[in-house]
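Below is input.cif, which holds mmCIF, C-alpha atoms.
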```cif
data_work
#
loop_
_atom_site.label_atom_id
_atom_site.label_comp_id
_atom_site.auth_asym_id
_atom_site.auth_seq_id
_atom_site.Cartn_x
_atom_site.Cartn_y
_atom_site.Cartn_z
CA MET A 30 65.13 58.17 89.11
CA ASN A 31 62.09 60.38 88.87
CA LEU A 32 61.15 59.87 85.22
CA LEU A 33 58.37 62.43 85.31
CA GLN A 34 60.78 65.10 86.50
CA ILE A 35 63.33 64.18 83.81
CA ASP A 36 60.70 64.08 81.06
CA GLN A 37 59.52 67.55 82.01
CA SER A 38 63.08 68.75 82.10
CA TYR A 39 63.83 67.42 78.60
CA GLU A 40 60.64 69.01 77.33
CA LEU A 41 61.73 72.27 78.88
CA ILE A 42 65.10 72.04 77.11
CA ASN A 43 63.38 71.51 73.76
CA LYS A 44 61.03 74.41 74.42
CA ARG A 45 63.94 76.70 75.31
CA ILE A 46 65.88 75.60 72.21
CA GLN A 47 62.97 76.53 69.98
CA ASP A 48 62.32 79.74 71.83
CA VAL A 49 64.06 82.19 69.49
CA PRO A 50 62.20 85.12 67.86
CA ASP A 51 61.45 84.61 64.16
CA ASN A 52 63.66 87.48 63.00
CA TYR A 53 66.71 86.07 64.81
CA GLU A 54 68.75 82.97 64.16
CA ARG A 55 70.79 80.93 66.57
CA SER A 56 74.39 82.06 66.19
CA ALA A 57 75.82 79.02 67.98
CA THR A 58 74.40 76.63 65.42
CA LYS A 59 74.68 78.73 62.27
CA GLU A 60 77.89 77.26 60.83
CA ILE A 61 78.23 73.57 61.56
CA THR A 62 80.44 71.09 59.81
CA ALA A 63 78.26 68.66 57.88
CA ALA A 64 75.06 70.02 59.41
CA GLU A 65 73.18 67.24 57.62
CA ILE A 66 74.49 64.90 60.28
CA ASP A 67 71.98 65.23 63.03
CA VAL A 68 72.54 63.49 66.32
CA ARG A 69 68.82 63.04 66.86
CA PRO A 70 68.41 59.91 64.71
CA SER A 71 71.19 58.32 66.73
CA LEU A 72 69.05 58.54 69.81
CA ASN A 73 67.59 55.20 68.84
CA TYR A 74 71.02 53.78 69.34
CA LEU A 75 71.48 51.77 72.54
CA ALA A 76 75.04 51.89 73.78
CA ASN A 77 75.97 48.40 74.82
CA LYS A 78 78.57 49.48 77.35
CA MET A 79 78.45 52.00 80.11
CA PRO A 80 80.82 53.07 82.86
CA ALA A 81 79.44 53.30 86.39
CA TRP A 82 81.15 54.37 89.58
CA THR A 83 78.37 54.48 92.16
CA PHE A 84 75.68 51.96 92.94
CA HIS A 85 72.67 52.83 95.06
CA CYS A 86 70.81 50.04 96.77
CA GLN A 87 68.26 50.60 99.52
CA ASP A 88 70.09 52.66 102.15
CA LYS A 89 73.61 51.91 100.91
CA VAL A 90 75.88 53.34 98.25
CA LEU A 91 78.87 51.48 96.86
CA TYR A 92 81.65 53.53 95.32
CA SER A 93 84.16 52.02 92.96
CA THR A 94 87.68 53.38 92.47
CA LEU A 95 87.74 52.02 88.91
CA PRO A 96 84.88 52.36 86.43
CA VAL A 97 82.70 49.28 86.32
CA ASP A 98 82.08 48.29 82.72
CA VAL A 99 78.40 47.43 82.59
CA ASN A 100 77.35 45.62 79.44
CA ILE A 101 73.77 46.26 78.48
CA ARG A 102 71.76 44.57 75.81
CA ARG A 103 68.14 44.25 74.92
CA GLU A 104 66.65 40.96 73.87
CA GLU A 105 62.97 40.93 72.99
CA MET A 106 61.17 42.34 76.04
CA PHE A 107 64.08 42.30 78.48
CA TYR A 108 67.21 44.25 79.32
CA PHE A 109 70.30 42.38 80.41
CA ALA A 110 72.99 44.08 82.49
CA GLU A 111 76.20 42.15 82.89
CA SER A 112 79.75 42.35 84.11
CA GLU A 113 81.96 39.45 83.13
CA LYS A 114 84.77 40.56 85.45
CA LEU A 115 82.46 40.80 88.47
CA LYS A 116 80.41 37.76 87.45
CA ILE A 117 77.14 39.66 87.60
CA PHE A 118 74.34 38.83 85.21
CA VAL A 119 70.91 40.35 85.81
CA ILE A 120 67.71 41.00 83.91
CA GLY A 121 64.99 43.64 84.03
CA GLU A 122 61.89 44.62 82.15
CA THR A 123 63.22 48.14 81.79
CA TYR A 124 66.68 49.63 81.54
CA ASP A 125 66.35 51.13 85.04
CA GLU A 126 65.13 47.88 86.50
CA ALA A 127 68.14 46.03 85.07
CA MET A 128 70.51 48.66 86.45
CA ARG A 129 68.81 48.49 89.86
CA ALA A 130 69.14 44.70 89.87
CA PHE A 131 72.80 45.11 88.92
CA ALA A 132 73.39 47.38 91.95
CA GLU A 133 71.58 44.92 94.25
CA GLN A 134 73.70 42.01 93.01
CA LEU A 135 76.86 44.06 93.37
CA LEU A 136 76.04 44.96 96.96
CA TYR A 137 75.12 41.36 97.71
CA PHE A 138 78.47 40.05 96.39
CA TYR A 139 80.36 42.86 98.09
CA GLU A 140 78.91 41.91 101.46
CA HIS A 141 79.28 38.20 100.76
CA TYR A 142 83.00 38.44 99.95
CA LYS A 143 83.59 40.88 102.81
CA ARG A 144 82.29 38.27 105.26
CA LEU A 145 84.49 35.51 103.90
CA THR A 146 87.89 35.19 105.54
CA PRO A 147 90.94 34.71 103.24
CA ASP A 148 91.29 31.04 104.21
CA LYS A 149 87.76 30.39 102.94
CA VAL A 150 88.39 31.53 99.37
CA THR A 151 90.37 30.07 96.52
CA GLY A 152 90.68 30.52 92.73
CA GLU A 153 87.89 32.69 91.25
CA ALA A 154 86.47 33.50 94.68
CA GLU A 155 89.88 34.73 95.79
CA ARG A 156 90.07 37.01 92.75
CA LEU A 157 86.59 38.42 93.39
CA LYS A 158 87.29 38.99 97.09
CA ARG A 159 90.42 40.91 96.14
CA ILE A 160 88.48 43.07 93.66
CA TYR A 161 85.66 43.83 96.10
CA SER A 162 87.96 44.66 99.00
CA THR A 163 90.40 46.72 96.92
CA HIS A 164 88.09 48.69 94.68
CA PHE A 165 84.81 49.17 96.53
CA LYS A 166 83.88 51.39 99.40
CA GLU A 167 80.51 51.36 101.11
CA GLU A 168 78.67 54.31 102.59
CA ASP A 169 75.26 54.88 104.07
CA TYR A 170 72.98 56.70 101.69
CA VAL A 171 71.81 59.93 103.27
CA MET B 5 92.61 76.66 76.08
CA ASP B 6 95.83 77.86 77.73
CA LYS B 7 99.25 76.47 76.82
CA ASN B 8 99.80 74.62 80.13
CA LYS B 9 96.51 72.76 79.81
CA LYS B 10 97.35 71.81 76.24
CA LYS B 11 100.80 70.51 77.28
CA LYS B 12 99.31 68.46 80.13
CA ALA B 13 96.68 66.99 77.81
CA ALA B 14 99.29 66.12 75.22
CA LYS B 15 101.24 64.12 77.82
CA LYS B 16 98.22 62.11 78.89
CA PHE B 17 97.37 60.73 75.50
CA ASP B 18 98.78 59.60 72.24
CA PHE B 19 97.20 60.96 69.04
CA THR B 20 97.43 57.55 67.42
CA GLU B 21 95.65 55.73 70.24
CA VAL B 22 92.20 54.43 69.44
CA TYR B 23 90.38 53.76 72.69
CA PRO B 24 88.73 50.34 72.98
CA ASN B 25 85.74 51.95 74.72
CA GLN B 26 85.54 55.05 72.54
CA PRO B 27 82.20 56.87 72.62
CA LEU B 28 82.35 58.12 69.03
CA ILE B 29 79.23 57.61 66.98
CA GLU B 30 80.35 59.69 64.04
CA VAL B 31 83.45 61.45 62.74
CA VAL B 32 83.15 63.80 59.80
CA CYS B 33 85.49 66.02 57.85
CA GLU B 34 84.11 68.57 55.41
CA VAL B 35 85.51 71.02 52.89
CA ARG B 36 83.51 73.89 51.43
CA PHE B 37 84.47 75.56 48.20
CA PRO B 38 83.04 78.07 45.71
CA ALA B 39 80.05 76.45 44.02
CA ASP B 40 80.90 74.48 40.90
CA MET B 41 78.08 73.88 38.42
CA THR B 42 79.79 70.80 37.05
CA ILE B 43 79.08 69.04 40.32
CA GLU B 44 75.37 69.78 39.99
CA CYS B 45 75.28 68.35 36.47
CA ARG B 46 77.86 65.55 36.67
CA LYS B 47 77.77 63.86 40.08
CA ASP B 48 78.15 60.63 38.13
CA LEU B 49 81.82 61.48 37.46
CA PHE B 50 82.55 61.39 41.17
CA TYR B 51 80.31 58.42 41.82
CA ALA B 52 82.07 56.37 39.16
CA LYS B 53 85.34 56.77 41.07
CA ILE B 54 83.95 55.65 44.43
CA LYS B 55 81.08 53.30 43.68
CA ASN B 56 83.06 50.14 44.28
CA LYS B 57 83.30 51.13 47.94
CA TYR B 58 80.43 53.59 48.45
CA SER B 59 77.76 52.07 46.29
CA GLU B 60 74.56 53.15 48.07
CA ILE B 61 73.04 56.36 46.69
CA LEU B 62 70.95 58.49 49.03
CA VAL B 63 69.33 61.52 47.43
CA PRO B 64 68.38 64.60 49.46
CA GLN B 65 64.74 65.03 50.36
CA VAL B 66 62.90 68.06 49.09
CA GLN B 67 62.25 70.43 51.97
CA MET B 68 60.37 73.69 51.97
CA GLY B 69 62.68 76.70 51.92
CA LYS B 70 65.79 74.71 50.99
CA ALA B 71 67.62 75.01 47.69
CA MET B 72 68.13 71.53 46.27
CA PRO B 73 71.57 72.08 44.69
CA LEU B 74 72.90 73.01 48.11
CA GLU B 75 71.65 69.76 49.62
CA ALA B 76 74.17 66.94 49.53
CA TYR B 77 73.87 63.58 47.82
CA ARG B 78 75.18 60.76 49.99
CA PHE B 79 77.12 57.79 48.76
CA GLU B 80 77.41 55.19 51.49
CA LYS B 81 78.98 51.83 52.08
CA LYS B 82 76.57 48.91 51.95
CA ASP B 83 76.81 48.42 55.73
CA ARG B 84 76.21 52.18 56.23
CA SER B 85 79.37 52.47 58.35
CA ALA B 86 80.88 55.29 56.26
CA GLY B 87 79.96 57.57 53.43
CA VAL B 88 80.54 60.65 51.36
CA MET B 89 78.37 63.74 50.96
CA LEU B 90 78.61 65.91 47.90
CA ALA B 91 76.84 69.15 46.93
CA ILE B 92 77.81 71.97 44.58
CA ASN B 93 79.77 73.78 47.30
CA LYS B 94 80.79 71.13 49.81
CA PHE B 95 82.20 67.68 50.21
CA SER B 96 82.47 65.58 53.34
CA PHE B 97 83.51 62.13 54.43
CA TYR B 98 82.05 60.48 57.53
CA GLU B 99 82.62 57.30 59.46
CA LYS B 100 80.53 55.65 62.12
CA LYS B 101 83.10 52.95 62.84
CA TYR B 102 86.17 55.05 63.45
CA GLU B 103 89.48 53.19 63.33
CA GLY B 104 91.77 56.11 64.05
CA HIS B 105 92.67 59.40 62.45
CA GLU B 106 95.45 58.13 60.18
CA LYS B 107 93.17 55.78 58.25
CA PHE B 108 90.43 58.39 58.25
CA ILE B 109 92.65 61.15 56.87
CA THR B 110 94.13 58.86 54.21
CA GLU B 111 90.65 57.95 53.00
CA PHE B 112 89.45 61.55 53.13
CA ILE B 113 92.39 62.75 51.04
CA ARG B 114 91.91 59.89 48.55
CA LEU B 115 88.26 60.82 48.08
CA ALA B 116 88.94 64.57 48.00
CA SER B 117 91.55 64.06 45.29
CA PHE B 118 88.73 62.95 42.96
CA LEU B 119 87.20 66.41 43.37
CA GLY B 120 90.32 68.03 41.99
CA GLU B 121 90.53 65.40 39.29
CA LYS B 122 86.93 65.49 38.07
CA TYR B 123 85.96 69.09 38.80
CA SER B 124 87.95 72.31 38.75
CA ILE B 125 88.18 72.83 42.51
CA SER B 126 91.30 74.52 43.71
CA LYS B 127 90.08 76.95 46.37
CA ILE B 128 88.71 76.00 49.78
CA ASP B 129 86.58 78.36 51.88
CA ARG B 130 86.20 76.28 55.00
CA LEU B 131 87.49 73.07 56.51
CA GLY B 132 85.70 71.39 59.39
CA TRP B 133 86.39 68.34 61.53
CA ARG B 134 83.66 67.09 63.81
CA TYR B 135 83.62 64.41 66.50
CA ILE B 136 80.21 63.36 67.75
CA ASN B 137 80.29 61.28 70.92
CA LEU B 138 77.47 59.66 72.80
CA VAL B 139 78.36 58.89 76.41
CA PRO B 140 75.73 56.79 78.19
CA PHE B 141 75.35 57.50 81.89
CA THR B 142 73.22 56.58 84.87
CA ARG B 143 72.08 59.33 87.15
CA GLU B 144 73.63 59.81 90.54
CA ASP B 145 71.20 61.12 93.12
CA GLY B 146 68.81 62.04 90.30
CA THR B 147 71.30 64.32 88.56
CA VAL B 148 73.62 64.13 85.56
CA PRO B 149 77.06 63.04 86.88
CA LEU B 150 78.92 65.49 84.66
CA HIS B 151 81.96 65.50 86.98
CA ARG B 152 82.57 61.82 86.24
CA PHE B 153 83.08 62.47 82.56
CA LEU B 154 84.04 66.08 81.99
CA THR B 155 86.41 68.60 83.44
CA VAL B 156 83.94 71.33 82.53
CA SER B 157 82.43 73.02 85.53
CA LEU B 158 79.80 75.66 85.44
CA SER B 159 80.35 78.55 87.75
CA VAL B 160 77.02 79.52 89.21
CA PRO B 161 76.14 81.71 92.21
CA ASN B 162 76.01 79.98 95.59
CA ASN B 163 72.24 80.02 95.80
CA ILE B 164 71.90 78.13 92.50
CA SER B 165 72.26 74.37 92.76
CA LYS B 166 75.02 72.64 90.84
CA LYS B 167 73.00 69.43 90.88
CA PHE B 168 72.00 69.59 87.24
CA GLU B 169 68.99 67.57 86.18
CA ASN B 170 69.80 68.22 82.54
CA ILE B 171 72.39 70.14 80.59
CA SER B 172 72.53 71.87 77.24
CA ILE B 173 75.55 74.04 76.54
CA VAL B 174 77.00 75.32 73.28
CA PHE B 175 80.01 77.56 73.11
CA ILE B 176 82.27 78.64 70.29
CA SER B 177 85.89 79.31 71.17
CA LYS B 178 88.53 81.01 69.12
CA VAL B 179 91.75 79.01 68.75
CA ALA B 180 94.99 79.79 66.94
CA GLU B 181 94.00 78.38 63.57
CA GLY B 182 90.22 78.62 63.62
CA SER B 183 87.34 78.13 66.01
CA ILE B 184 85.85 75.22 67.93
CA THR B 185 82.18 74.74 68.62
CA THR B 186 81.62 72.59 71.69
CA LYS B 187 78.21 71.20 72.41
CA ILE B 188 77.43 69.30 75.58
CA GLU B 189 73.91 68.08 76.03
CA SER B 190 72.13 65.44 78.05
CA VAL B 191 69.75 63.43 75.90
CA MET B 192 67.41 60.51 76.32
CA ARG B 193 66.64 57.67 73.95
CA GLU B 194 63.27 57.94 72.29
CA ASP B 195 61.95 54.96 74.25
CA ARG B 196 63.19 56.70 77.45
CA GLN B 197 65.37 53.70 78.27
CA GLN B 198 68.84 55.17 78.22
CA GLU B 199 70.32 58.58 78.87
CA ALA B 200 73.52 59.89 77.39
CA LEU B 201 75.65 62.97 77.08
CA VAL B 202 76.20 64.23 73.57
CA LEU B 203 79.69 65.65 73.21
CA ASP B 204 79.87 67.31 69.84
CA PHE B 205 83.15 68.99 68.91
CA ASP B 206 83.43 70.91 65.69
CA PHE B 207 86.67 72.55 64.62
CA ALA B 208 86.53 74.94 61.67
CA MET B 209 89.21 76.87 59.83
CA THR B 210 88.55 79.43 57.13
CA GLU B 211 91.97 80.94 56.51
CA ASN B 212 95.21 79.79 54.90
CA LEU B 213 93.45 76.98 53.10
CA ASN B 214 94.68 75.54 49.89
CA PHE B 215 93.40 72.47 48.08
CA SER B 216 96.94 71.32 47.32
CA LYS B 217 97.81 71.42 51.04
CA LEU B 218 94.62 69.79 52.22
CA ARG B 219 96.35 67.00 54.17
CA ASP B 220 98.24 69.50 56.35
CA SER B 221 95.06 71.41 57.12
CA VAL B 222 93.14 68.26 57.96
CA LYS B 223 95.91 67.22 60.35
CA ILE B 224 95.68 70.59 62.09
CA ALA B 225 91.90 70.24 62.35
CA HIS B 226 92.22 66.75 63.83
CA LYS B 227 94.88 67.88 66.31
CA HIS B 228 92.69 70.67 67.66
CA THR B 229 89.58 68.53 67.97
CA ARG B 230 91.35 65.63 69.63
CA THR B 231 93.18 67.93 72.04
CA LEU B 232 89.91 69.53 73.03
CA PHE B 233 88.35 66.12 73.67
CA GLU B 234 91.29 64.98 75.78
CA THR B 235 91.34 68.21 77.77
CA LEU B 236 87.62 68.04 78.43
CA ILE B 237 87.42 64.47 79.73
CA THR B 238 88.31 63.47 83.28
CA ASP B 239 91.09 61.03 84.11
CA GLN B 240 88.58 58.53 85.47
CA TYR B 241 86.63 58.59 82.23
CA ARG B 242 89.88 58.23 80.25
CA GLN B 243 90.56 55.13 82.39
CA TYR B 244 87.27 53.71 81.16
CA LEU B 245 88.01 54.60 77.53
CA LYS B 246 91.35 52.82 77.77
CA GLY B 247 89.64 49.73 79.11
CA GLU B 248 91.04 50.06 82.64
CA THR B 249 87.82 48.86 84.17
CA LEU B 250 86.32 46.33 86.50
#
```
Written as structure tokens, that's how I'd like the structure from this file.
Amino acid sequence: MNLLQIDQSYELINKRIQDVPDNYERSATKEITAAEIDVRPSLNYLANKMPAWTFHCQDKVLYSTLPVDVNIRREEMFYFAESEKLKIFVIGETYDEAMRAFAEQLLYFYEHYKRLTPDKVTGEAERLKRIYSTHFKEEDYV
Amino acid sequence: MDKNKKKKAAKKFDFTEVYPNQPLIEVVCEVRFPADMTIECRKDLFYAKIKNKYSEILVPQVQMGKAMPLEAYRFEKKDRSAGVMLAINKFSFYEKKYEGHEKFITEFIRLASFLGEKYSISKIDRLGWRYINLVPFTREDGTVPLHRFLTVSLSVPNNISKKFENISIVFISKVAEGSITTKIESVMREDRQQEALVLDFDFAMTENLNFSKLRDSVKIAHKHTRTLFETLITDQYRQYLKGETL
């Protein structure tokens, strides 16, 4: 993701929001229930779960038919992205880095289980092969 | 919202269902009433009734241009998961750990009953129910994947890209018993480490309100807000909320 572009875009939103002449007031925000409750302070809140459907990795994209529940947590300097069901546990110095590592691991396991023939898997591996072959579809990233 | 859409939405969900992956960060219900001076002078009467549960007192900060009596005192639980706001003309109850509307409404009515008991409030000017959701997302192809989460689509001319880098929309719609303010905005954490969509739904009614029939009005407010939420989210996002995930 191009952070610079996004930063500028968020700044632009804030500028536009404030851009109302002094003798006017914003009619869409005039009457709000419990206006004291501002969402802004919540922006320090890190959601520990996030749904994801597409995973970009190098020149490939993996699409999932069901949302992948990515668990994210921060411990000291690192971000951990995990999926217990898919047995993926990765780490990154930033949130984006952890998510990128998650996509790389996902693609790696997808290809790994795709290569394995049914007679080569048993137990947990059988379950994972079934998940990857049923719920994921790969496409070249254009 | 047309009737067919409402019917379809009603079939897809159950009002009593609390999603395991719900994105709610705050639910608040507020009543406004003609200002009562007793509240300004005797907030202790109300506090005495609730302090066993909402013991933490948060006083409003003095701000230039704001009238202090109109600013609400907050009484919160020790763990800050829920609280009450009280000013001379309004009262609200909010929860950050929402366990479903039935529990919420029961607690709201219990707390509101102290208003009638301790002060002479019998008329209500406005009732509002607000759901604030924070939906974390990762960008797809550098854009906000709005289509994954919401059924809202913006109709723009062909030569304008629908690949939105960021979104900020507010609209107020008239519904049978009041109006709903819908706010959809992409936001980023202050440390720039996570992006999310804020879905802020605010239902307000100003007519046919009566303090003695508060429970009925609150139920109506909840119904409208929940229906809007369910109509606005996509089936694939609902799957995630229900825990049907990989």
Item to check | Answer as JSON, numbers by chain, residues within 12 Å of (66.6, 45.6, 87.3) using all atoms listed in the file | outcome: {"A": [86, 101, 107, 108, 109, 110, 111, 118, 119, 120, 121, 122, 123, 124, 125, 126, 127, 128, 129, 130, 131, 132, 133, 134]}
Within 6 Å of chain A, which residues of chain B come that close, and what is the closest atom pair and distance in Å for each? Count all atoms listed in the file and give it as a Markdown table.
```
| residue | atom | partner | partner_atom | distance |
| --- | --- | --- | --- | --- |
| B:Gly132 | CA | A:Thr62 | CA | 5.3 |
| B:Pro140 | CA | A:Met79 | CA | 5.8 |
| B:Gly146 | CA | A:Met30 | CA | 5.5 |
| B:Arg193 | CA | A:Leu72 | CA | 4.9 |
| B:Gln197 | CA | A:Tyr124 | CA | 5.4 |
| B:Tyr244 | CA | A:Pro96 | CA | 5.9 |
| B:Thr249 | CA | A:Pro96 | CA | 5.1 |
| B:Leu250 | CA | A:Val97 | CA | 4.7 |
```
Checklist entry - What does the PyMOL selection byres ((chain A and resi 168) around 8) select in this file, as a VMD selection string? => result chain A and resid 89 to 92 166 to 167 169 to 170
What are the centre and edge lengths in Å, to one decimal, of the axis-aligned box around all listed atoms of range 128-144 of chain A with 8 Å added on each side, as JSON?
```
{"center_x": 76.2, "center_y": 43.4, "center_z": 95.9, "size_x": 30.8, "size_y": 26.5, "size_z": 34.8}
```
Item to check | Selection dump of the PyMOL selection byres ((chain B and resi 94) around 6), as a PyMOL selection string | outcome: chain B and resi 35-37+90-91+93+95
Dump as a tab-separated table (two decimals), in the coordinates of the input, selection limited to C-alpha atoms:
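Full text of result26.tsv as output:
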```tsv
chain	number	residue	atom	x	y	z
B	35	VAL	CA	85.51	71.02	52.89
B	36	ARG	CA	83.51	73.89	51.43
B	37	PHE	CA	84.47	75.56	48.20
B	90	LEU	CA	78.61	65.91	47.90
B	91	ALA	CA	76.84	69.15	46.93
B	93	ASN	CA	79.77	73.78	47.30
B	95	PHE	CA	82.20	67.68	50.21
```
Please produce, as JSON lines, a per-residue contact table for range 75-182 of chain B versus range 21-30 of chain B (criterion: any atom at most 8 Å away, only C-alpha atoms considered), showing the nearest atom pair and its distance in Å to one decimal, sorted by chain then residue number.
```
{"residue": "B:Tyr98", "atom": "CA", "partner": "B:Glu30", "partner_atom": "CA", "distance": 6.8}
{"residue": "B:Glu99", "atom": "CA", "partner": "B:Glu30", "partner_atom": "CA", "distance": 5.6}
{"residue": "B:Lys100", "atom": "CA", "partner": "B:Glu30", "partner_atom": "CA", "distance": 4.5}
{"residue": "B:Lys101", "atom": "CA", "partner": "B:Ile29", "partner_atom": "CA", "distance": 7.3}
{"residue": "B:Tyr102", "atom": "CA", "partner": "B:Leu28", "partner_atom": "CA", "distance": 7.4}
{"residue": "B:Glu103", "atom": "CA", "partner": "B:Val22", "partner_atom": "CA", "distance": 6.8}
{"residue": "B:Gly104", "atom": "CA", "partner": "B:Val22", "partner_atom": "CA", "distance": 5.7}
{"residue": "B:Tyr135", "atom": "CA", "partner": "B:Glu30", "partner_atom": "CA", "distance": 6.2}
{"residue": "B:Ile136", "atom": "CA", "partner": "B:Glu30", "partner_atom": "CA", "distance": 5.2}
{"residue": "B:Asn137", "atom": "CA", "partner": "B:Leu28", "partner_atom": "CA", "distance": 4.2}
{"residue": "B:Leu138", "atom": "CA", "partner": "B:Pro27", "partner_atom": "CA", "distance": 5.5}
{"residue": "B:Val139", "atom": "CA", "partner": "B:Pro27", "partner_atom": "CA", "distance": 5.8}
```
Checklist entry - Applied to this file, what does the PyMOL selection byres ((chain B and resi 160-176) around 6) return in terms of residues, put as a list in words? => result Thr147, Val148, Ser159, Ser177, Ile184, Thr185, Thr186, Lys187, Ile188, Glu189 and Ser190 of chain B
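In this model, the gap between CA of Thr42 in chain B and CA of Gly87 in chain B comes to 21.1 Å.
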If I only want range 198-243 of chain B, can you write it with C-alpha atoms, as a PDB file, in the first residue's frame?
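Result written to out21.pdb:
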```
ATOM      1  CA  GLN B 198      -4.462  -0.147  11.022  1.00  0.00           C
ATOM      2  CA  GLU B 199      -7.244   1.161   8.839  1.00  0.00           C
ATOM      3  CA  ALA B 200     -10.924   0.764   9.525  1.00  0.00           C
ATOM      4  CA  LEU B 201     -14.333   1.823   8.343  1.00  0.00           C
ATOM      5  CA  VAL B 202     -16.406   3.743  10.843  1.00  0.00           C
ATOM      6  CA  LEU B 203     -20.063   2.836  10.494  1.00  0.00           C
ATOM      7  CA  ASP B 204     -22.006   5.196  12.673  1.00  0.00           C
ATOM      8  CA  PHE B 205     -25.792   4.819  12.702  1.00  0.00           C
ATOM      9  CA  ASP B 206     -27.905   7.247  14.633  1.00  0.00           C
ATOM     10  CA  PHE B 207     -31.676   6.913  14.800  1.00  0.00           C
ATOM     11  CA  ALA B 208     -33.626   9.826  16.276  1.00  0.00           C
ATOM     12  CA  MET B 209     -37.301  10.327  16.981  1.00  0.00           C
ATOM     13  CA  THR B 210     -38.852  13.569  18.150  1.00  0.00           C
ATOM     14  CA  GLU B 211     -42.575  12.871  17.987  1.00  0.00           C
ATOM     15  CA  ASN B 212     -45.042  10.757  19.958  1.00  0.00           C
ATOM     16  CA  LEU B 213     -42.650  10.486  22.864  1.00  0.00           C
ATOM     17  CA  ASN B 214     -43.786   9.968  26.382  1.00  0.00           C
ATOM     18  CA  PHE B 215     -41.668   9.231  29.422  1.00  0.00           C
ATOM     19  CA  SER B 216     -44.139   6.620  30.645  1.00  0.00           C
ATOM     20  CA  LYS B 217     -43.855   4.753  27.319  1.00  0.00           C
ATOM     21  CA  LEU B 218     -40.106   5.022  27.042  1.00  0.00           C
ATOM     22  CA  ARG B 219     -39.513   1.274  26.655  1.00  0.00           C
ATOM     23  CA  ASP B 220     -41.732   1.098  23.556  1.00  0.00           C
ATOM     24  CA  SER B 221     -39.947   4.036  21.963  1.00  0.00           C
ATOM     25  CA  VAL B 222     -36.524   2.604  22.711  1.00  0.00           C
ATOM     26  CA  LYS B 223     -37.553  -0.685  21.109  1.00  0.00           C
ATOM     27  CA  ILE B 224     -38.632   1.182  17.979  1.00  0.00           C
ATOM     28  CA  ALA B 225     -35.333   3.062  17.906  1.00  0.00           C
ATOM     29  CA  HIS B 226     -33.365  -0.177  18.256  1.00  0.00           C
ATOM     30  CA  LYS B 227     -35.411  -1.888  15.538  1.00  0.00           C
ATOM     31  CA  HIS B 228     -34.718   0.870  13.026  1.00  0.00           C
ATOM     32  CA  THR B 229     -31.010   1.062  13.764  1.00  0.00           C
ATOM     33  CA  ARG B 230     -30.466  -2.681  13.679  1.00  0.00           C
ATOM     34  CA  THR B 231     -32.474  -3.050  10.466  1.00  0.00           C
ATOM     35  CA  LEU B 232     -30.382  -0.365   8.831  1.00  0.00           C
ATOM     36  CA  PHE B 233     -27.176  -2.114   9.878  1.00  0.00           C
ATOM     37  CA  GLU B 234     -28.370  -5.469   8.570  1.00  0.00           C
ATOM     38  CA  THR B 235     -29.534  -3.964   5.285  1.00  0.00           C
ATOM     39  CA  LEU B 236     -26.261  -2.148   4.775  1.00  0.00           C
ATOM     40  CA  ILE B 237     -23.887  -5.064   5.315  1.00  0.00           C
ATOM     41  CA  THR B 238     -23.095  -7.664   2.668  1.00  0.00           C
ATOM     42  CA  ASP B 239     -23.838 -11.352   3.098  1.00  0.00           C
ATOM     43  CA  GLN B 240     -20.142 -12.169   3.078  1.00  0.00           C
ATOM     44  CA  TYR B 241     -19.491  -9.736   5.903  1.00  0.00           C
ATOM     45  CA  ARG B 242     -22.481 -11.150   7.823  1.00  0.00           C
ATOM     46  CA  GLN B 243     -20.822 -14.571   7.407  1.00  0.00           C
TER      47      GLN B 243
END
```
